[in-house]
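Reproduced below: coords26.txt, with compact mmCIF, C-alpha atoms.
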```txt
# COMPACT_ATOMS: atom_id res chain seq x y z
CA MET A 1 -26.24 -24.69 16.26
CA ARG A 2 -26.97 -23.16 19.63
CA GLY A 3 -24.21 -22.09 21.95
CA ALA A 4 -22.08 -19.09 22.67
CA SER A 5 -18.75 -17.76 21.60
CA VAL A 6 -16.70 -15.03 23.22
CA THR A 7 -13.86 -13.31 21.48
CA VAL A 8 -11.65 -10.71 23.12
CA GLU A 9 -9.18 -8.27 21.64
CA ILE A 10 -6.93 -6.18 23.85
CA GLY A 11 -6.70 -2.86 22.04
CA CYS A 12 -4.43 -1.04 24.43
CA GLU A 13 -2.87 -1.99 27.74
CA ALA A 14 -3.24 0.32 30.74
CA ALA A 15 -0.32 2.72 31.18
CA LYS A 16 0.54 5.46 33.62
CA VAL A 17 3.46 7.84 34.01
CA ASP A 18 4.57 9.05 37.43
CA GLU A 19 2.99 12.47 38.05
CA SER A 20 6.16 13.64 39.80
CA ALA A 21 8.30 13.03 36.72
CA PRO A 22 10.13 16.24 35.72
CA PHE A 23 8.69 16.29 32.22
CA VAL A 24 5.15 16.08 33.63
CA GLN A 25 5.89 18.89 36.07
CA SER A 26 7.31 20.94 33.20
CA ALA A 27 4.04 20.65 31.33
CA LEU A 28 2.06 21.75 34.38
CA ALA A 29 4.45 24.69 34.85
CA ALA A 30 4.02 25.68 31.20
CA MET A 31 0.24 25.67 31.67
CA ARG A 32 0.52 27.87 34.76
CA LYS A 33 2.80 30.26 32.85
CA ALA A 34 0.16 30.43 30.11
CA GLY A 35 -2.38 31.58 32.68
CA PHE A 36 -4.13 28.42 33.83
CA GLU A 37 -4.56 28.72 37.57
CA SER A 38 -4.85 25.07 38.55
CA PRO A 39 -3.68 22.68 35.86
CA GLU A 40 -3.76 19.08 36.92
CA ALA A 41 -2.74 15.60 35.95
CA ASN A 42 -5.49 13.13 35.11
CA VAL A 43 -6.13 9.66 33.74
CA VAL A 44 -8.70 8.83 31.06
CA LEU A 45 -10.71 5.95 29.67
CA CYS A 46 -10.10 6.64 25.99
CA GLY A 47 -7.08 5.28 24.16
CA SER A 48 -4.09 7.26 22.96
CA ASP A 49 -0.81 6.82 21.16
CA ALA A 50 0.69 8.07 24.44
CA PHE A 51 -0.26 4.95 26.37
CA VAL A 52 1.09 2.68 23.67
CA LEU A 53 4.41 4.52 23.67
CA THR A 54 4.62 4.49 27.47
CA GLY A 55 4.08 0.76 27.34
CA ARG A 56 6.90 0.50 24.82
CA GLY A 57 9.32 2.37 27.09
CA ILE A 58 8.94 5.98 25.91
CA ASP A 59 7.15 7.77 28.77
CA THR A 60 4.50 9.90 27.10
CA VAL A 61 1.68 12.12 28.32
CA VAL A 62 -1.15 13.88 26.50
CA ILE A 63 -1.71 17.63 26.42
CA GLY A 64 -4.36 19.61 24.64
CA TYR A 65 -4.88 21.42 21.36
CA GLY A 66 -8.27 22.73 22.44
CA GLY A 67 -10.71 21.58 19.77
CA LYS A 68 -14.35 20.63 20.40
CA GLY A 69 -16.76 18.14 18.88
CA ALA A 70 -14.13 15.76 17.55
CA HIS A 71 -15.35 12.97 15.25
CA SER A 72 -18.43 14.91 14.22
CA VAL A 73 -19.38 17.44 11.55
CA ASP A 74 -19.80 19.90 14.43
CA GLU A 75 -16.08 19.75 15.17
CA HIS A 76 -14.61 23.22 15.63
CA ILE A 77 -11.82 25.07 17.38
CA HIS A 78 -11.68 28.54 18.84
CA ILE A 79 -8.66 30.40 17.52
CA SER A 80 -7.95 31.64 21.04
CA ASP A 81 -7.73 28.03 22.25
CA LEU A 82 -5.42 27.02 19.41
CA GLU A 83 -3.21 30.00 20.23
CA LYS A 84 -3.27 29.13 23.93
CA ALA A 85 -2.24 25.54 23.16
CA THR A 86 0.64 26.91 21.07
CA GLU A 87 1.67 29.16 23.93
CA VAL A 88 1.82 26.23 26.37
CA LEU A 89 3.93 24.26 23.92
CA ARG A 90 6.28 27.18 23.37
CA TYR A 91 6.89 27.53 27.11
CA LEU A 92 7.51 23.79 27.32
CA ILE A 93 10.03 23.92 24.46
CA GLU A 94 11.85 26.93 25.90
CA ALA A 95 12.08 25.35 29.35
CA ALA A 96 13.50 22.15 27.88
CA GLY A 97 15.88 24.12 25.69
CA THR A 98 17.35 25.96 28.66
CA GLY A 99 17.47 22.92 30.87
CA GLY A 100 14.67 24.25 33.03
CA MET B 1 -4.56 36.60 15.79
CA ASN B 2 -1.70 34.42 14.59
CA GLU B 3 -2.34 34.30 10.86
CA ARG B 4 0.57 31.96 10.18
CA LEU B 5 -0.79 29.44 12.71
CA ILE B 6 -4.32 29.65 11.29
CA GLN B 7 -3.13 29.35 7.68
CA GLY B 8 -0.89 26.41 8.51
CA PHE B 9 -3.77 24.59 10.21
CA CYS B 10 -6.20 25.31 7.37
CA ASP B 11 -3.66 24.09 4.79
CA MET B 12 -3.34 20.83 6.74
CA VAL B 13 -7.05 20.06 7.01
CA ARG B 14 -7.50 20.61 3.27
CA ILE B 15 -5.26 17.59 2.64
CA ASP B 16 -7.38 14.46 2.94
CA SER B 17 -5.97 11.89 5.36
CA GLU B 18 -8.63 9.48 6.50
CA SER B 19 -7.13 6.53 8.37
CA GLY B 20 -5.09 4.39 6.01
CA ASN B 21 -4.69 7.16 3.44
CA GLU B 22 -2.27 9.52 5.17
CA GLN B 23 0.55 9.36 2.63
CA ARG B 24 -0.07 12.67 0.93
CA PHE B 25 -0.45 14.49 4.23
CA ILE B 26 2.70 12.98 5.66
CA ALA B 27 4.58 13.95 2.50
CA HIS B 28 3.36 17.52 3.00
CA ILE B 29 4.60 17.57 6.61
CA LYS B 30 7.92 16.03 5.58
CA GLU B 31 8.56 18.74 3.00
CA LEU B 32 7.49 21.52 5.35
CA VAL B 33 9.62 20.35 8.29
CA GLU B 34 12.67 19.63 6.13
CA GLN B 35 12.62 23.10 4.62
CA GLU B 36 11.71 25.06 7.68
CA PHE B 37 13.80 23.38 10.38
CA SER B 38 16.58 21.66 8.42
CA ALA B 39 15.39 18.48 10.07
CA GLU B 40 16.57 14.97 9.38
CA ILE B 41 13.44 13.00 8.56
CA THR B 42 12.73 9.30 8.36
CA ILE B 43 9.54 7.59 7.29
CA ASP B 44 9.51 4.25 9.08
CA ALA B 45 8.31 0.94 7.63
CA TYR B 46 4.74 1.64 8.75
CA GLY B 47 4.68 5.10 7.19
CA ASN B 48 5.04 7.11 10.41
CA LEU B 49 7.15 10.27 10.24
CA ILE B 50 10.01 10.84 12.68
CA ALA B 51 11.91 14.12 12.42
CA HIS B 52 15.04 15.15 14.30
CA ILE B 53 14.80 18.91 14.69
CA PRO B 54 18.11 20.44 15.71
CA ALA B 55 18.56 22.61 18.78
CA THR B 56 18.99 26.38 18.59
CA GLY B 57 20.08 26.60 22.19
CA ARG B 58 21.84 23.94 24.20
CA PRO B 59 22.57 21.01 21.87
CA ASP B 60 23.31 18.89 24.93
CA ALA B 61 19.85 19.46 26.41
CA GLU B 62 17.89 16.26 26.85
CA PRO B 63 15.83 15.58 23.71
CA ILE B 64 12.07 15.60 24.05
CA PHE B 65 9.46 14.57 21.53
CA PHE B 66 6.15 16.01 20.44
CA GLY B 67 3.66 13.90 18.56
CA ALA B 68 0.34 14.05 16.75
CA HIS B 69 -1.50 11.68 14.48
CA ALA B 70 -1.90 12.28 10.78
CA ASP B 71 -5.15 10.43 10.23
CA THR B 72 -8.71 11.58 10.63
CA VAL B 73 -11.99 9.78 11.01
CA LYS B 74 -14.66 9.87 8.30
CA PRO B 75 -16.14 11.91 6.72
CA GLY B 76 -12.82 13.56 6.04
CA ILE B 77 -12.73 14.03 2.28
CA GLY B 78 -12.83 17.53 0.88
CA ILE B 79 -12.67 19.40 4.21
CA GLU B 80 -13.11 23.11 3.71
CA PRO B 81 -12.31 25.17 6.81
CA ILE B 82 -14.40 28.26 7.51
CA VAL B 83 -12.98 30.98 9.76
CA GLU B 84 -15.76 33.02 11.28
CA GLU B 85 -15.95 35.15 14.41
CA GLY B 86 -12.87 33.63 15.98
CA VAL B 87 -13.89 30.02 15.35
CA ILE B 88 -12.72 27.57 12.70
CA ARG B 89 -15.21 24.93 11.59
CA SER B 90 -15.94 22.92 8.47
CA LYS B 91 -18.59 23.80 5.92
CA GLY B 92 -20.79 21.24 7.70
CA GLU B 93 -20.62 18.08 5.60
CA THR B 94 -17.31 16.84 6.95
CA ILE B 95 -15.35 16.80 10.18
CA LEU B 96 -12.87 19.63 10.59
CA GLY B 97 -9.80 17.53 11.32
CA ALA B 98 -8.68 19.58 14.32
CA ASP B 99 -8.25 16.15 15.83
CA ASP B 100 -5.36 16.01 15.43
CA LYS B 101 -4.08 18.52 12.86
CA ALA B 102 -4.63 21.37 15.30
CA GLY B 103 -2.23 19.56 17.60
CA LEU B 104 0.35 19.30 14.84
CA ALA B 105 -0.15 22.92 13.76
CA ALA B 106 0.34 24.07 17.36
CA ILE B 107 3.50 21.97 17.72
CA LEU B 108 5.07 23.40 14.56
CA GLU B 109 4.15 26.98 15.40
CA ALA B 110 5.52 26.57 18.93
CA ILE B 111 8.82 25.25 17.54
CA ARG B 112 8.99 28.20 15.12
CA SER B 113 8.27 30.81 17.74
CA ALA B 114 10.28 29.46 20.68
CA ASP B 115 13.14 31.75 21.69
CA VAL B 116 15.33 28.72 22.22
CA ARG B 117 14.95 24.99 21.82
CA GLY B 118 16.90 21.87 22.62
CA PRO B 119 16.85 18.83 20.35
CA ILE B 120 13.26 17.94 19.45
CA ASP B 121 11.89 14.79 17.88
CA LEU B 122 8.66 15.23 15.97
CA VAL B 123 6.51 12.11 15.58
CA VAL B 124 3.52 11.96 13.26
CA THR B 125 1.73 8.63 13.42
CA ARG B 126 -0.66 6.89 11.08
CA CYS B 127 -3.89 5.07 11.93
CA GLU B 128 -4.39 6.36 15.46
CA GLU B 129 -8.15 6.36 14.95
CA THR B 130 -8.25 2.73 13.86
CA GLY B 131 -6.51 1.13 16.80
CA LEU B 132 -3.41 3.19 17.61
CA LEU B 133 -1.69 1.20 14.90
CA GLY B 134 0.96 3.77 14.01
CA ALA B 135 2.18 3.99 17.60
CA LYS B 136 2.11 0.21 17.95
CA ASN B 137 4.28 -0.13 14.84
CA LEU B 138 6.46 2.96 15.30
CA ASP B 139 10.17 2.29 14.97
CA ILE B 140 11.05 3.67 18.40
CA GLY B 141 14.72 3.05 17.69
CA LEU B 142 14.52 6.19 15.54
CA LEU B 143 13.67 8.35 18.57
CA ARG B 144 16.38 10.23 20.45
CA ALA B 145 13.94 11.27 23.15
CA ARG B 146 13.01 8.99 26.03
CA HIS B 147 9.90 10.97 26.98
CA GLY B 148 7.50 13.37 25.37
CA TYR B 149 4.08 14.77 24.67
CA ILE B 150 1.24 13.78 22.41
CA VAL B 151 -0.89 16.84 21.61
CA ASP B 152 -4.29 15.25 21.17
CA SER B 153 -6.81 16.39 23.75
CA ASP B 154 -9.60 18.94 23.93
CA VAL B 155 -8.56 20.05 27.42
CA LEU B 156 -5.89 22.72 27.70
CA ASP B 157 -5.19 22.61 31.44
CA CYS B 158 -4.72 18.90 32.01
CA VAL B 159 -1.74 16.63 31.57
CA THR B 160 -3.09 13.14 30.93
CA ILE B 161 -0.61 10.78 32.51
CA GLY B 162 -2.40 7.50 31.98
CA GLY B 163 -5.26 5.50 30.56
CA ALA B 164 -7.20 2.29 31.13
CA THR B 165 -6.83 -0.98 29.32
CA HIS B 166 -9.20 -1.33 26.39
CA ALA B 167 -10.64 -4.68 25.40
CA SER B 168 -13.27 -5.32 22.77
CA ILE B 169 -15.53 -8.25 23.55
CA ASP B 170 -17.65 -9.92 20.89
CA ILE B 171 -20.30 -12.22 22.37
CA GLU B 172 -22.42 -14.36 20.11
CA ILE B 173 -25.21 -16.31 21.71
CA THR B 174 -27.45 -18.56 19.69
CA GLY B 175 -30.50 -19.83 21.51
CA LYS B 176 -33.26 -22.21 20.52
CA ALA B 177 -36.33 -20.80 18.84
CA ALA B 178 -39.76 -21.67 20.23
CA HIS B 179 -43.32 -20.76 19.33
CA ALA B 180 -45.49 -18.71 21.69
CA ALA B 181 -47.72 -21.76 22.09
CA SER B 182 -44.91 -23.75 23.71
CA PRO B 183 -42.14 -21.45 24.80
CA GLU B 184 -40.84 -23.86 27.44
CA GLY B 185 -38.79 -25.66 24.83
CA GLY B 186 -36.92 -22.55 23.81
CA ILE B 187 -33.70 -21.05 25.00
CA SER B 188 -33.80 -17.28 24.79
CA ALA B 189 -30.64 -15.68 23.45
CA ILE B 190 -31.64 -12.43 25.15
CA GLN B 191 -31.99 -14.02 28.58
CA SER B 192 -28.80 -15.99 28.07
CA GLN B 193 -26.82 -12.83 27.35
CA GLN B 194 -28.33 -11.06 30.34
CA LYS B 195 -26.93 -13.60 32.80
CA PRO B 196 -23.23 -12.83 32.27
CA CYS B 197 -23.92 -9.14 31.64
CA SER B 198 -25.70 -8.80 34.97
CA ARG B 199 -22.51 -9.87 36.76
CA PHE B 200 -20.49 -7.00 35.37
CA ASN B 201 -19.39 -4.19 37.70
CA THR B 202 -20.45 -0.57 37.58
CA GLY B 203 -19.12 2.44 39.42
CA ASP B 204 -16.08 4.66 39.44
CA TRP B 205 -13.92 3.26 36.67
CA THR B 206 -10.77 4.61 38.23
CA LYS B 207 -11.27 2.28 41.18
CA ARG B 208 -12.75 -0.82 39.56
CA PRO B 209 -13.60 -2.12 36.10
CA TRP B 210 -16.47 -0.39 34.38
CA PRO B 211 -18.88 -2.19 32.07
CA MET B 212 -19.94 -0.66 28.75
CA TRP B 213 -22.46 -2.15 26.40
CA GLY B 214 -22.76 -1.47 22.76
CA ARG B 215 -25.33 -2.25 20.15
CA SER B 216 -26.73 -5.71 19.71
CA ARG B 217 -27.30 -7.04 16.25
CA GLU B 218 -30.87 -7.29 15.00
CA GLY B 219 -32.35 -10.75 15.14
CA PRO B 220 -35.64 -12.36 14.25
CA THR B 221 -38.56 -11.02 16.29
CA ALA B 222 -41.31 -13.36 15.10
CA THR B 223 -40.77 -15.85 17.92
CA VAL B 224 -41.21 -15.37 21.67
CA CYS B 225 -37.85 -16.92 22.38
CA PRO B 226 -35.61 -15.60 19.69
CA ARG B 227 -32.82 -17.82 18.52
CA LEU B 228 -30.89 -14.63 17.84
CA PRO B 229 -29.88 -11.75 18.34
CA SER B 230 -26.22 -12.04 18.73
CA PHE B 231 -24.68 -9.39 20.89
CA ARG B 232 -21.75 -7.44 19.60
CA PRO B 233 -20.49 -4.69 21.85
CA ASN B 234 -19.78 -1.58 19.80
CA ALA B 235 -17.89 -0.24 22.72
CA GLU B 236 -15.06 -0.77 25.08
CA ALA B 237 -14.35 -2.87 28.09
CA SER B 238 -12.13 -1.41 30.72
CA LEU B 239 -9.81 -3.62 32.67
CA THR B 240 -7.52 -2.82 35.46
CA ARG B 241 -4.48 -5.03 35.65
CA SER B 242 -5.85 -6.84 38.69
CA ALA B 243 -9.44 -7.13 37.54
CA TRP B 244 -11.46 -9.39 35.35
CA PRO B 245 -12.96 -8.27 32.08
CA THR B 246 -16.14 -6.26 31.90
CA VAL B 247 -18.00 -4.37 29.24
CA ARG B 248 -19.37 -0.86 29.65
CA PRO B 249 -22.72 0.61 28.46
CA SER B 250 -22.35 2.78 25.40
CA ASP B 251 -24.44 5.67 24.22
CA GLY B 252 -24.10 4.22 20.74
CA HIS B 253 -21.71 6.93 19.61
CA SER B 254 -18.49 5.03 19.56
CA ARG B 255 -15.57 7.28 18.82
CA THR B 256 -13.59 4.62 17.02
CA PRO B 257 -15.96 1.93 15.78
CA LEU B 258 -13.29 0.15 13.81
CA THR B 259 -11.56 -0.88 17.01
CA ARG B 260 -14.54 -2.80 18.19
CA GLN B 261 -14.03 -5.96 16.13
CA ALA B 262 -12.77 -8.97 18.05
CA LEU B 263 -10.04 -11.07 16.59
CA CYS B 264 -9.17 -13.91 18.93
CA ALA B 265 -11.34 -17.00 19.00
CA GLY B 266 -12.70 -18.90 21.92
CA ARG B 267 -15.81 -20.95 22.52
CA VAL B 268 -17.95 -20.95 25.62
CA LEU B 269 -21.03 -23.11 25.84
CA PRO B 270 -23.80 -22.29 28.30
```
The structure given in the file should be rewritten as structure tokens.
Amino acid sequence: MRGASVTVEIGCEAAKVDESAPFVQSALAAMRKAGFESPEANVVLCGSDAFVLTGRGIDTVVIGYGGKGAHSVDEHIHISDLEKATEVLRYLIEAAGTGG
Amino acid sequence: MNERLIQGFCDMVRIDSESGNEQRFIAHIKELVEQEFSAEITIDAYGNLIAHIPATGRPDAEPIFFGAHADTVKPGIGIEPIVEEGVIRSKGETILGADDKAGLAAILEAIRSADVRGPIDLVVTRCEETGLLGAKNLDIGLLRARHGYIVDSDVLDCVTIGGATHASIDIEITGKAAHAASPEGGISAIQSQQKPCSRFNTGDWTKRPWPMWGRSREGPTATVCPRLPSFRPNAEASLTRSAWPTVRPSDGHSRTPLTRQALCAGRVLP
């Protein structure tokens, strides 16, 4: 029978955390301490657990682990990037632990 | 080179955890975190892991959380990591699983090596790759933290503070077949689907909705005016809260194809 049908599923609602929030600024500070000259806040098209959690009342942002080629057999990670990601996280943890 | 970090990551990727089959991996993380950090761990009703890692510094510091997802996409069975010239990759027949086990490995190593820490919640979710299902079903009442960080990006110097709405749109159009000798009696499914698609916006998606098309299903090609194909976007539609739905062209390499199936029903007749 001719005709058309349209079905829509909302996978994830838009979400955004205030860039000036202290925990966002802490992450940027940790990146600068790790040697990144101009870290910045951004928004993305792809989905993330972070946006779901923000929508559920737990403000959440995404930071990097540094891998490349995700979702492919070419996926890889430079050890230096993994170590740099760890360094950023360590600075973030230490700052939070000292109330900084 | 941090051998403990590399070994911890390699141990993780060797444990299969394709979406829906994360149990063994989550059990591994539970045992590791319990032993190493004396953490109180709960597995919620959906199978997500939530760990309360105690402070070593100020116990009254505001708790924060760090999260990663346990699941991988396919092919993720039998991953064998190869470390060569400063790079870790798989043998070549599978993904590596750095997404997102590198994130988790980095979180754990950072907690180990931090000079001081306040209270930390660790969250490891299931089924991120198949629709963010773990996060949607996470028992957030188990979290002490009111804000935190998901470590799940390939960019090291960006803090991603937000993302667009995602909607999957499944459009099925059935036309009326006609022979080349008398096409005027036909209704082309292809032309019918082009009319609404041509109204969709393009441009900077941060300022207005961005259309994205996916693959269309194969239909009969013997007639000039095909009764089929149906059109099923294997892609994403981006909405802003104030905008109307659009679909966006895809390069055919959907990152999470399982999220593209529409569920709700509605009928629209041309």
Would you compute, for all listed atoms of region 165-171 of chain B, the axis-aligned bounding box grown by 3 Å on each side, and then report its centre and edge lengths in Å rounded to one decimal, as lines of an AutoDock Vina configuration file?
```
center_x = -13.6
center_y = -6.6
center_z = 25.1
size_x = 19.5
size_y = 17.2
size_z = 14.4
```
Using all atoms listed in the file, find each residue of chain A with at least one atom at most 6 Å away from an atom of chain B; report its shortest atom-to-atom pair and that distance in Å (one decimal), sort the rows by chain and rising residue number, and return the result as CSV.
```
residue,atom,partner,partner_atom,distance
A:Arg2,CA,B:Thr174,CA,4.6
A:Gly3,CA,B:Leu269,CA,5.1
A:Ala4,CA,B:Ile173,CA,4.3
A:Ser5,CA,B:Arg267,CA,4.4
A:Val6,CA,B:Ile171,CA,4.6
A:Thr7,CA,B:Ala265,CA,5.1
A:Val8,CA,B:Ile169,CA,4.6
A:Glu9,CA,B:Ala262,CA,5.1
A:Ile10,CA,B:Ala167,CA,4.3
A:Gly11,CA,B:His166,CA,5.2
A:Cys12,CA,B:His166,CA,5.2
A:Glu13,CA,B:Thr165,CA,4.4
A:Ala14,CA,B:Thr165,CA,4.1
A:Ala15,CA,B:Gly162,CA,5.3
A:Lys16,CA,B:Gly162,CA,3.9
A:Val17,CA,B:Ile161,CA,5.2
A:Pro39,CA,B:Asp157,CA,4.7
A:Glu40,CA,B:Cys158,CA,5.0
A:Ala41,CA,B:Val159,CA,4.6
A:Asn42,CA,B:Thr160,CA,4.8
A:Val43,CA,B:Gly162,CA,4.7
A:Val44,CA,B:Gly163,CA,4.8
A:Leu45,CA,B:Ala164,CA,5.3
A:Asp49,CA,B:Ala135,CA,5.4
A:Ile58,CA,B:Arg146,CA,5.1
A:Asp59,CA,B:His147,CA,4.6
A:Thr60,CA,B:Gly148,CA,4.9
A:Val61,CA,B:Ile161,CA,5.0
A:Val62,CA,B:Ile150,CA,4.7
A:Ile63,CA,B:Val151,CA,4.9
A:Gly64,CA,B:Ser153,CA,4.1
A:Tyr65,CA,B:Gly103,CA,5.0
A:Gly66,CA,B:Asp154,CA,4.3
A:Gly67,CA,B:Asp154,CA,5.1
A:Ser72,CA,B:Ile95,CA,5.4
A:Val73,CA,B:Ile95,CA,4.3
A:Glu75,CA,B:Leu96,CA,5.6
A:His76,CA,B:Arg89,CA,4.4
A:Ile77,CA,B:Ile88,CA,5.4
A:His78,CA,B:Val87,CA,4.4
A:Ile79,CA,B:Gly86,CA,5.5
A:Thr86,CA,B:Ala106,CA,4.7
A:Leu89,CA,B:Ala110,CA,5.7
A:Arg90,CA,B:Ala110,CA,4.5
A:Ile93,CA,B:Arg117,CA,5.7
A:Glu94,CA,B:Val116,CA,5.4
A:Gly97,CA,B:Gly118,CA,3.9
```
Skipping near chain neighbours, those fewer than 4 positions away, what residues fall within 9 Å of Leu92 (chain A) using all atoms listed in the file, listed as a short mmCIF file (atom, residue, chain, number, x, y, z; two decimals) with C-alpha atoms, keeping the file's coordinate frame?
```
data_model
loop_
_atom_site.label_atom_id
_atom_site.label_comp_id
_atom_site.auth_asym_id
_atom_site.auth_seq_id
_atom_site.Cartn_x
_atom_site.Cartn_y
_atom_site.Cartn_z
CA SER A 26 7.31 20.94 33.20
CA ALA A 27 4.04 20.65 31.33
CA ALA A 29 4.45 24.69 34.85
CA ALA A 30 4.02 25.68 31.20
CA MET A 31 0.24 25.67 31.67
CA GLU A 87 1.67 29.16 23.93
CA VAL A 88 1.82 26.23 26.37
CA ALA A 96 13.50 22.15 27.88
CA GLY A 97 15.88 24.12 25.69
#
```
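The coordinates place CA of Val33 (chain B) at 26.9 Å from CA of Lys68 (chain A).
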ask   = Pick the closest to Gly57 (chain A) from B:Gln7, B:Leu122, B:Asn48, B:Gly141: which is it, counting only C-alpha atoms?
value =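 Nearest to Gly57 (chain A): B:Gly141.
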inquiry  = Can you measure CA of Ala45 (chain B) to CA of Gly8 (chain B) for me? One decimal in Å is fine.
reply    = 27.1 Å
task = Pick out the closest residue to His71 (chain A) from this set: B:Ile29, B:Asp71, B:Asp139, B:Ala181. Count all atoms listed in the file.
result =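 The closest residue to His71 (chain A) is B:Asp71.
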remark   = What separates CA of Ile50 (chain B) and CA of Val124 (chain B) is a distance of 6.6 Å
